[in-house]
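> Dropping in upload.txt, with compact mmCIF, C-alpha atoms.
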```txt
# COMPACT_ATOMS: atom_id res chain seq x y z
CA MET A 559 -2.44 8.89 31.12
CA TYR A 560 -0.58 6.60 28.73
CA PRO A 561 2.33 6.64 28.53
CA ALA A 562 2.82 7.66 32.16
CA ALA A 563 6.31 8.87 31.51
CA ARG A 564 8.49 9.10 28.45
CA LYS A 565 11.58 10.34 30.16
CA LYS A 566 14.73 8.60 29.05
CA GLY A 567 16.68 6.97 31.81
CA ALA A 568 19.06 4.16 32.51
CA ASP A 569 16.19 1.76 33.15
CA TYR A 570 13.92 3.00 30.38
CA VAL A 571 13.79 0.71 27.38
CA THR A 572 11.78 1.60 24.33
CA VAL A 573 9.74 -1.32 23.03
CA GLU A 574 9.90 -1.69 19.26
CA PHE A 575 7.80 -3.56 16.75
CA LYS A 576 9.75 -6.58 15.61
CA ALA A 577 9.01 -8.20 12.30
CA THR A 578 9.72 -11.55 10.77
CA GLN A 579 9.59 -11.16 7.02
CA HIS A 580 9.48 -13.97 4.51
CA PHE A 581 8.60 -14.65 0.91
CA GLN A 582 6.34 -17.53 0.04
CA PRO A 583 7.27 -18.54 -3.53
CA GLU A 584 4.23 -20.75 -4.23
CA LYS A 585 1.88 -17.81 -3.92
CA ALA A 586 4.51 -15.14 -4.53
CA ARG A 587 3.56 -13.28 -1.37
CA GLN A 588 5.61 -11.23 1.03
CA TYR A 589 4.68 -11.57 4.67
CA ILE A 590 5.39 -9.27 7.60
CA ASN A 591 4.88 -11.58 10.55
CA ASP A 592 1.87 -13.46 9.23
CA ALA A 593 0.23 -10.64 7.27
CA SER A 594 0.43 -10.64 3.48
CA SER A 595 1.99 -7.25 2.73
CA VAL A 596 2.98 -5.31 -0.33
CA PHE A 597 5.07 -2.33 -1.35
CA HIS A 598 3.19 0.62 -2.73
CA CYS A 599 4.45 4.10 -3.50
CA HIS A 600 3.31 7.61 -2.62
CA HIS A 601 1.80 8.01 -6.10
CA TYR A 602 -0.57 5.14 -5.34
CA ALA A 603 -1.34 6.27 -1.78
CA THR A 604 -1.91 9.84 -2.96
CA LEU A 605 -4.26 8.84 -5.78
CA ILE A 606 -6.19 6.47 -3.53
CA THR A 607 -6.51 9.33 -1.04
CA GLN A 608 -7.62 11.65 -3.84
CA LEU A 609 -10.21 9.08 -4.87
CA ALA A 610 -11.52 8.98 -1.31
CA ASP A 611 -11.56 12.77 -1.17
CA ASP A 612 -13.43 13.01 -4.47
CA ALA A 613 -15.97 10.51 -3.13
CA LYS A 614 -17.07 12.62 -0.18
CA SER A 615 -20.66 12.26 -1.36
CA PHE A 616 -20.49 8.58 -0.60
CA ARG A 617 -18.26 8.61 2.48
CA GLY A 618 -14.91 8.15 0.71
CA PRO A 619 -12.72 9.65 3.46
CA GLU A 620 -14.55 7.66 6.13
CA LEU A 621 -14.16 4.42 4.16
CA LEU A 622 -10.42 4.92 3.70
CA ALA A 623 -10.00 5.72 7.38
CA GLN A 624 -12.04 2.64 8.28
CA ALA A 625 -9.83 0.40 6.17
CA ALA A 626 -6.74 1.81 7.92
CA GLU A 627 -8.38 1.53 11.34
CA GLU A 628 -9.12 -2.14 10.68
CA PHE A 629 -5.57 -2.99 9.66
CA ALA A 630 -3.94 -1.16 12.57
CA PHE A 631 -6.36 -2.74 15.04
CA ARG A 632 -5.96 -6.23 13.59
CA GLU A 633 -2.18 -6.25 13.24
CA LEU A 634 -1.45 -4.60 16.57
CA SER A 635 -3.97 -6.70 18.51
CA LYS A 636 -2.42 -9.88 17.10
CA TYR A 637 1.05 -8.61 17.89
CA PHE A 638 0.20 -7.69 21.49
CA GLU A 639 -1.39 -11.06 22.11
CA LYS A 640 1.35 -13.10 20.46
CA ASN A 641 4.11 -11.27 22.29
CA GLY A 642 2.34 -10.98 25.64
CA ILE A 643 2.46 -7.17 25.64
CA THR A 644 -0.05 -5.89 28.15
CA GLU A 645 1.39 -2.64 29.52
CA PRO A 646 -0.26 0.39 27.87
CA ARG A 647 3.05 2.27 27.68
CA GLU A 648 4.69 -0.61 25.84
CA ARG A 649 1.70 -1.06 23.56
CA ILE A 650 1.82 2.59 22.57
CA GLU A 651 5.52 2.36 21.79
CA VAL A 652 4.94 -0.72 19.64
CA ALA A 653 2.13 1.08 17.80
CA GLU A 654 4.40 4.08 17.16
CA SER A 655 7.18 1.79 16.01
CA TYR A 656 4.82 -0.19 13.73
CA CYS A 657 3.63 3.06 12.13
CA GLY A 658 7.20 3.85 11.15
CA PHE A 659 8.04 0.28 10.18
CA VAL A 660 5.35 0.21 7.49
CA GLY A 661 6.42 3.66 6.28
CA LEU A 662 3.33 5.61 7.36
CA GLY A 663 5.41 8.13 9.28
CA SER A 664 6.70 9.07 12.71
CA ILE A 665 3.99 9.34 15.31
CA ARG A 666 3.66 10.08 19.01
CA LEU A 667 0.52 8.94 20.76
CA GLU A 668 -0.83 10.04 24.12
CA LEU A 669 -3.93 8.43 25.53
CA HIS A 670 -6.08 9.37 28.50
CA GLY A 671 -9.06 7.33 29.55
CA ALA A 672 -11.50 9.09 27.27
CA GLY A 673 -9.22 10.31 24.53
CA GLY A 674 -5.88 11.83 23.77
CA ALA A 675 -3.73 13.33 21.08
CA ALA A 676 -1.32 12.30 18.38
CA GLU A 677 1.37 14.12 16.48
CA MET A 678 3.10 13.16 13.26
CA ARG A 679 6.32 14.97 12.42
CA HIS A 680 6.64 12.98 9.22
CA SER A 681 3.83 11.48 7.20
CA HIS A 682 3.85 9.29 4.08
CA VAL A 683 0.46 10.58 3.01
CA ASP A 684 1.19 14.29 3.53
CA GLU A 685 4.73 14.32 2.21
CA GLY A 686 3.69 12.12 -0.70
CA TRP A 687 0.82 14.48 -1.50
CA VAL A 688 3.12 17.51 -1.39
CA LYS A 689 5.65 15.75 -3.64
CA LYS A 690 2.95 14.94 -6.18
CA TRP A 691 0.72 17.98 -6.11
CA GLY A 692 1.97 20.48 -3.59
CA LYS A 693 0.27 21.85 -0.50
CA ARG A 694 -3.48 22.08 -0.03
CA ASP A 695 -5.82 23.93 2.30
CA ASN A 696 -7.39 20.99 4.10
CA PRO A 697 -6.03 17.91 5.90
CA VAL A 698 -6.14 14.74 3.89
CA ASN A 699 -4.45 12.06 5.99
CA TYR A 700 -7.43 9.73 6.24
CA ILE A 701 -5.11 6.72 6.40
CA GLY A 702 -3.29 8.28 9.36
CA GLN A 703 -6.54 9.10 11.13
CA GLY A 704 -7.73 5.53 10.76
CA PHE A 705 -4.40 4.14 11.86
CA ILE A 706 -4.49 6.20 15.05
CA ALA A 707 -8.03 5.10 15.87
CA GLY A 708 -7.19 1.43 15.29
CA ALA A 709 -4.00 1.71 17.31
CA CYS A 710 -5.87 3.28 20.26
CA GLU A 711 -8.47 0.52 20.14
CA ALA A 712 -5.79 -2.18 20.09
CA VAL A 713 -3.85 -0.52 22.93
CA THR A 714 -6.91 -0.31 25.17
CA ASN A 715 -8.56 -3.60 24.15
CA ALA A 716 -11.52 -1.61 22.89
CA LYS A 717 -13.76 -2.54 19.99
CA LEU A 718 -13.35 -1.15 16.49
CA GLY A 719 -15.13 2.17 16.27
CA SER A 720 -14.47 3.07 19.90
CA PHE A 721 -12.32 6.10 19.08
CA ALA A 722 -12.86 9.02 16.73
CA VAL A 723 -9.83 10.90 15.39
CA ARG A 724 -9.81 14.40 14.00
CA GLU A 725 -6.87 15.98 12.19
CA GLU A 726 -6.54 19.52 13.55
CA GLN A 727 -3.46 20.69 11.69
CA SER A 728 -1.52 19.13 8.89
CA ILE A 729 1.84 18.91 7.19
CA VAL A 730 0.02 19.00 3.84
CA CYS A 731 -1.23 22.49 4.76
CA GLY A 732 2.28 23.71 5.49
CA GLN A 733 2.37 23.07 9.23
CA PRO A 734 5.58 21.58 10.68
CA ALA A 735 3.65 18.64 12.11
CA SER A 736 0.24 17.05 11.81
CA LYS A 737 -1.79 17.06 15.03
CA PHE A 738 -4.79 14.92 15.84
CA THR A 739 -7.29 14.83 18.67
CA ILE A 740 -8.60 11.47 19.83
CA SER A 741 -11.93 11.07 21.57
CA ALA A 742 -14.01 8.13 22.72
CA THR A 743 -17.12 7.61 20.64
CA ARG A 744 -20.46 6.84 22.18
CA GLN A 745 -19.74 3.19 21.48
CA GLY A 746 -16.33 3.52 23.10
CA ALA A 747 -17.68 5.34 26.14
CA GLN A 748 -20.18 2.54 26.71
CA ALA A 749 -17.56 -0.20 26.36
CA MET B 222 21.19 -14.27 -22.22
CA THR B 223 17.57 -13.98 -21.31
CA ILE B 224 15.85 -13.42 -18.01
CA ASP B 225 16.30 -16.27 -15.55
CA ARG B 226 12.97 -15.62 -13.88
CA GLU B 227 13.33 -18.05 -11.00
CA LYS B 228 16.78 -16.79 -10.09
CA ALA B 229 15.66 -13.17 -10.37
CA ILE B 230 12.62 -13.74 -8.15
CA GLU B 231 14.68 -15.62 -5.60
CA GLN B 232 17.16 -12.75 -5.32
CA LEU B 233 14.69 -9.88 -5.56
CA SER B 234 12.37 -11.41 -2.98
CA GLN B 235 15.08 -11.16 -0.32
CA ILE B 236 15.21 -7.36 -0.47
CA ARG B 237 13.89 -5.93 2.79
CA VAL B 238 13.00 -2.38 3.76
CA ARG B 239 11.83 -0.68 6.92
CA GLY B 240 11.00 2.86 7.85
CA ASN B 241 13.91 5.17 8.65
CA ALA B 242 14.14 7.38 11.74
CA GLU B 243 11.38 9.55 10.24
CA GLY B 244 9.10 6.57 9.72
CA LEU B 245 9.43 6.92 5.97
CA ILE B 246 10.80 4.56 3.32
CA PRO B 247 12.45 6.56 0.55
CA ALA B 248 13.37 4.18 -2.29
CA PHE B 249 13.36 4.10 -6.11
CA GLY B 250 12.80 7.85 -6.26
CA VAL B 251 9.52 7.66 -4.32
CA LEU B 252 8.23 7.15 -0.80
CA VAL B 253 7.29 3.51 -0.27
CA ASN B 254 4.91 1.94 2.24
CA GLN B 255 4.43 -1.73 3.12
CA PHE B 256 0.89 -2.02 4.40
CA PRO B 257 -1.02 -5.31 4.63
CA THR B 258 -2.66 -6.29 1.34
CA GLU B 259 -5.95 -6.56 3.19
CA PHE B 260 -5.96 -2.80 3.72
CA TRP B 261 -5.88 -2.06 -0.01
CA ASN B 262 -8.47 -4.76 -0.78
CA SER B 263 -10.71 -3.53 1.99
CA PHE B 264 -10.76 0.03 0.69
CA SER B 265 -11.36 -1.09 -2.91
CA LEU B 266 -14.37 -3.16 -1.92
CA LYS B 267 -15.76 -0.51 0.41
CA ILE B 268 -15.58 2.22 -2.23
CA LEU B 269 -17.01 0.00 -4.98
CA ASN B 270 -19.89 -1.10 -2.78
CA GLU B 271 -20.62 2.45 -1.70
CA ALA B 272 -20.39 3.76 -5.27
CA GLY B 273 -23.18 1.43 -6.33
CA GLU B 274 -23.95 0.33 -9.86
CA ALA B 275 -24.22 3.87 -11.24
CA LEU B 276 -20.72 4.96 -10.21
CA ARG B 277 -19.00 1.59 -10.00
CA ASP B 278 -17.13 1.91 -13.30
CA ASP B 279 -15.94 5.42 -12.42
CA ALA B 280 -14.57 4.23 -9.09
CA ALA B 281 -12.97 1.20 -10.78
CA GLY B 282 -11.34 3.48 -13.33
CA LEU B 283 -9.85 5.63 -10.59
CA LEU B 284 -8.53 2.57 -8.76
CA GLU B 285 -6.85 1.48 -12.00
CA ASN B 286 -5.53 4.98 -12.60
CA ALA B 287 -3.86 5.01 -9.18
CA ALA B 288 -2.06 1.81 -10.12
CA GLY B 289 -1.21 3.18 -13.56
CA GLU B 290 0.61 6.17 -12.13
CA CYS B 291 2.24 3.99 -9.50
CA GLY B 292 3.45 1.57 -12.17
CA TYR B 293 4.66 4.32 -14.47
CA HIS B 294 6.63 6.42 -12.00
CA THR B 295 7.73 3.78 -9.52
CA GLY B 296 8.26 1.27 -12.32
CA TRP B 297 10.66 3.72 -13.92
CA GLY B 298 12.43 4.15 -10.59
CA ILE B 299 12.68 0.41 -10.12
CA ILE B 300 14.17 -0.42 -13.53
CA ASN B 301 16.74 2.32 -12.99
CA SER B 302 17.57 1.23 -9.45
CA ASP B 303 20.82 -0.33 -8.31
CA GLU B 304 18.90 -3.42 -7.24
CA PHE B 305 17.41 -3.94 -10.69
CA LYS B 306 20.65 -3.20 -12.46
CA SER B 307 22.63 -5.61 -10.32
CA ILE B 308 20.18 -8.52 -10.46
CA ILE B 309 18.35 -8.13 -13.77
CA GLY B 310 20.95 -6.08 -15.66
CA PRO B 311 23.35 -8.95 -16.37
CA MET B 312 20.45 -11.05 -17.73
CA ILE B 313 19.41 -8.48 -20.32
CA ASP B 314 20.31 -9.41 -23.89
CA PRO B 315 21.58 -6.30 -25.73
CA LYS B 316 19.57 -7.48 -28.76
CA THR B 317 16.29 -7.44 -26.84
CA PRO B 318 16.72 -4.88 -24.06
CA LEU B 319 13.12 -3.66 -23.87
CA GLU B 320 11.60 -7.13 -23.90
CA ASP B 321 14.01 -8.39 -21.27
CA THR B 322 13.51 -5.30 -19.12
CA LEU B 323 9.76 -5.91 -19.23
CA ARG B 324 10.21 -9.54 -18.28
CA GLY B 325 12.52 -8.44 -15.48
CA ALA B 326 9.89 -5.98 -14.28
CA TYR B 327 7.43 -8.86 -13.90
CA ALA B 328 10.02 -10.72 -11.85
CA VAL B 329 10.02 -7.71 -9.53
CA PHE B 330 6.23 -7.65 -9.61
CA THR B 331 6.22 -11.27 -8.47
CA ALA B 332 9.04 -11.05 -5.95
CA TRP B 333 7.57 -8.09 -4.10
CA GLY B 334 4.17 -9.62 -3.56
CA TRP B 335 1.96 -7.85 -6.06
CA ALA B 336 1.14 -10.87 -8.21
CA LYS B 337 2.65 -14.14 -9.39
CA ALA B 338 2.59 -12.81 -12.90
CA GLU B 339 4.48 -13.34 -16.12
CA ILE B 340 4.32 -12.28 -19.75
CA VAL B 341 2.91 -15.06 -21.92
CA GLU B 342 2.76 -13.12 -25.18
CA LEU B 343 4.65 -10.05 -26.30
CA GLU B 344 4.41 -8.25 -29.59
CA PRO B 345 6.97 -5.47 -29.08
CA GLY B 346 5.43 -2.03 -29.23
CA GLU B 347 1.93 -3.36 -29.83
CA LYS B 348 0.57 -5.96 -27.47
CA MET B 349 1.33 -7.84 -24.28
CA VAL B 350 -0.59 -10.62 -22.54
CA VAL B 351 0.12 -11.22 -18.86
CA ARG B 352 -1.09 -14.09 -16.72
CA ALA B 353 -1.27 -13.91 -12.96
CA TYR B 354 -1.55 -17.23 -11.14
CA ASP B 355 -2.00 -15.69 -7.71
CA TYR B 356 -2.58 -12.09 -6.69
CA TYR B 357 -3.69 -10.34 -3.57
CA GLU B 358 -6.56 -8.54 -5.24
CA ALA B 359 -8.26 -11.93 -5.66
CA ASP B 360 -8.18 -12.59 -1.91
CA THR B 361 -11.50 -10.87 -1.39
CA ALA B 362 -13.36 -13.33 -3.60
CA LYS B 363 -14.09 -16.71 -2.10
CA PRO B 364 -14.51 -19.68 -4.48
CA ALA B 365 -18.17 -20.01 -3.63
CA ASP B 366 -18.82 -16.30 -3.92
CA THR B 367 -16.90 -15.08 -6.93
CA ALA B 368 -17.05 -11.47 -7.97
CA LYS B 369 -19.38 -10.41 -10.74
CA LYS B 370 -16.78 -8.13 -12.27
CA PRO B 371 -12.95 -8.22 -12.30
CA LEU B 372 -11.21 -6.72 -9.28
CA ALA B 373 -7.52 -6.70 -10.29
CA PHE B 374 -7.27 -2.95 -10.83
CA MET B 375 -3.69 -2.83 -9.64
CA ILE B 376 -2.43 -5.42 -12.14
CA LYS B 377 -4.37 -3.71 -14.94
CA GLY B 378 -2.93 -0.30 -14.21
CA VAL B 379 0.61 -1.45 -13.65
CA SER B 380 0.65 -3.64 -16.78
CA ARG B 381 -0.33 -0.83 -19.11
CA ALA B 382 2.14 1.44 -17.32
CA PHE B 383 4.97 -1.01 -17.89
CA MET B 384 4.15 -1.00 -21.62
CA ASP B 385 4.07 2.82 -21.51
CA ILE B 386 7.58 2.79 -20.08
CA ALA B 387 8.89 0.33 -22.66
CA TYR B 388 7.00 1.41 -25.78
CA GLY B 389 5.25 4.69 -24.97
CA ASP B 390 4.79 7.17 -27.80
CA LYS B 391 7.15 9.45 -25.90
CA PRO B 392 9.93 8.51 -23.50
CA TYR B 393 9.48 8.75 -19.74
CA PRO B 394 7.95 10.89 -18.23
CA ASP B 395 5.70 11.83 -21.16
CA GLY B 396 4.55 8.46 -22.49
CA HIS B 397 1.91 7.61 -19.91
CA GLY B 398 -1.43 6.65 -21.44
CA THR B 399 -0.11 5.16 -24.68
CA PHE B 400 -1.54 1.75 -23.79
CA LYS B 401 -4.72 0.40 -22.24
CA CYS B 402 -5.40 -2.89 -20.49
CA GLU B 403 -8.35 -5.23 -20.31
CA GLN B 404 -8.69 -7.95 -17.71
CA THR B 405 -10.11 -10.93 -19.62
CA LYS B 406 -9.93 -13.56 -16.85
CA GLY B 407 -9.77 -13.45 -13.09
CA ILE B 408 -9.31 -15.78 -10.15
CA GLU B 409 -11.96 -13.65 -8.46
CA LEU B 410 -14.28 -14.58 -11.34
CA GLY B 411 -13.69 -18.30 -10.88
CA ASP B 412 -10.96 -18.67 -13.52
CA ALA B 413 -7.73 -20.56 -12.81
CA PHE B 414 -5.68 -17.42 -13.38
CA GLY B 415 -6.02 -13.76 -14.18
CA GLU B 416 -5.30 -12.62 -17.71
CA PHE B 417 -4.51 -9.09 -18.81
CA VAL B 418 -4.31 -7.93 -22.41
CA VAL B 419 -2.45 -4.68 -23.07
CA THR B 420 -2.88 -2.95 -26.41
CA ARG B 421 -2.50 0.57 -27.80
CA ALA B 422 -5.07 2.99 -26.44
```
Please lay out the structure from this file as structure tokens.

Amino acid sequence: MYPAARKKGADYVTVEFKATQHFQPEKARQYINDASSVFHCHHYATLITQLADDAKSFRGPELLAQAAEEFAFRELSKYFEKNGITEPRERIEVAESYCGFVGLGSIRLELHGAGGAAEMRHSHVDEGWVKKWGKRDNPVNYIGQGFIAGACEAVTNAKLGSFAVREEQSIVCGQPASKFTISATRQGAQA
Amino acid sequence: MTIDREKAIEQLSQIRVRGNAEGLIPAFGVLVNQFPTEFWNSFSLKILNEAGEALRDDAAGLLENAAGECGYHTGWGIINSDEFKSIIGPMIDPKTPLEDTLRGAYAVFTAWGWAKAEIVELEPGEKMVVRAYDYYEADTAKPADTAKKPLAFMIKGVSRAFMDIAYGDKPYPDGHGTFKCEQTKGIELGDAFGEFVVTRA
């Protein structure tokens, strides 16, 4: 089970995501490490999520989750390789730290061989949604779901699409934390 | 004094944020995120492709609307922020406060990685033309495979929102929707720059 132990001790050091940020004036781009990045607000994230939700008939939620899965997988995989991070426990801590660094929320990930669980005590998508429109009856954190899947794939060196994530309870529904289950897909099980 | 765009961009571009202990970035009266631009582009293209020809314009309109609300609410927060007041505030001429505030807002727009964009024509209260010489929404279109339709929904929405803030029929927060924006040129269409014309709706 990853991480094997989270107990704090004198020899336990939490590994954090470290970023080099710079502005390239010729193109007017902001970079976090080498990824072109941009500020957006909860109004934008909420309305993009609403758009995905409205587009259920043509896989809107799945497409938004896929886009998030791709970015988490890509950025974390690059980071692990560049920084020589191979230990699953350290990779998970970096993934959790990266989630907070980009403002998506606070997350705890636990991975077993075939799956795991995640919990978010704070969430940009949920808290942004509540700020804009109030609570709702169903989970809506498609970006968070995708991020978790992509992070799990990067942590385990699996291919994109290897993990499926389901949001079981949600801050947007009034719960104190959002909880997700993580399971290996058929593709992931065969990998 | 008028806006010293280069100086403003140089100073504004050095502002850094990171998530707090809760993994959130509260700033300018909103929650901010700093995701890779490729994430936003990827979703836009996926949803447009999946929508197909019949629903493409509806999806495009909703993408622009997301940016419009972002630009209106967060834009208001930005121009009232300490950062804006300290860097842009001293450059604002009391005789032309709205025009200079708008020009300052495009310095922010440029410095924070949305688009290398500036106002090239401004008819106060009526019309604004913005040119963007580089913008992340064009990244998805390769030179040899330009898009058939414009893709800069974020610049469109934010540009009309900025005019709503400056010259809306009603002051913030009730002036949203006073203006509309048309994208007349686009890097993703093979043009040298993107051009955005904002007029009354």
> Counting all atoms listed in the file, which residues from chain A have an atom at most 7 Å from any atom of chain B, and could you show them as a PyMOL selection string?
chain A and resi 581+585-588+593-602+605-606+609+616+618+621-622+625-626+629+657-664+680+682+686
> If you take every atom of segment 622-629 of chain A that the file lists and fit an axis-aligned box around them with 5 Å extra on each side, what centre and edge lengths come out in Å to one decimal, as JSON?

```
{"center_x": -8.8, "center_y": 1.4, "center_z": 7.5, "size_x": 16.5, "size_y": 18.7, "size_z": 17.6}
```
> So the first atom is atom CA of Ser615 of chain A and the second is atom CA of Ala275 of chain B; what is the distance between them in Å, to one decimal place?
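Separation between atom CA of Ser615 of chain A and atom CA of Ala275 of chain B: 13.4 Å.
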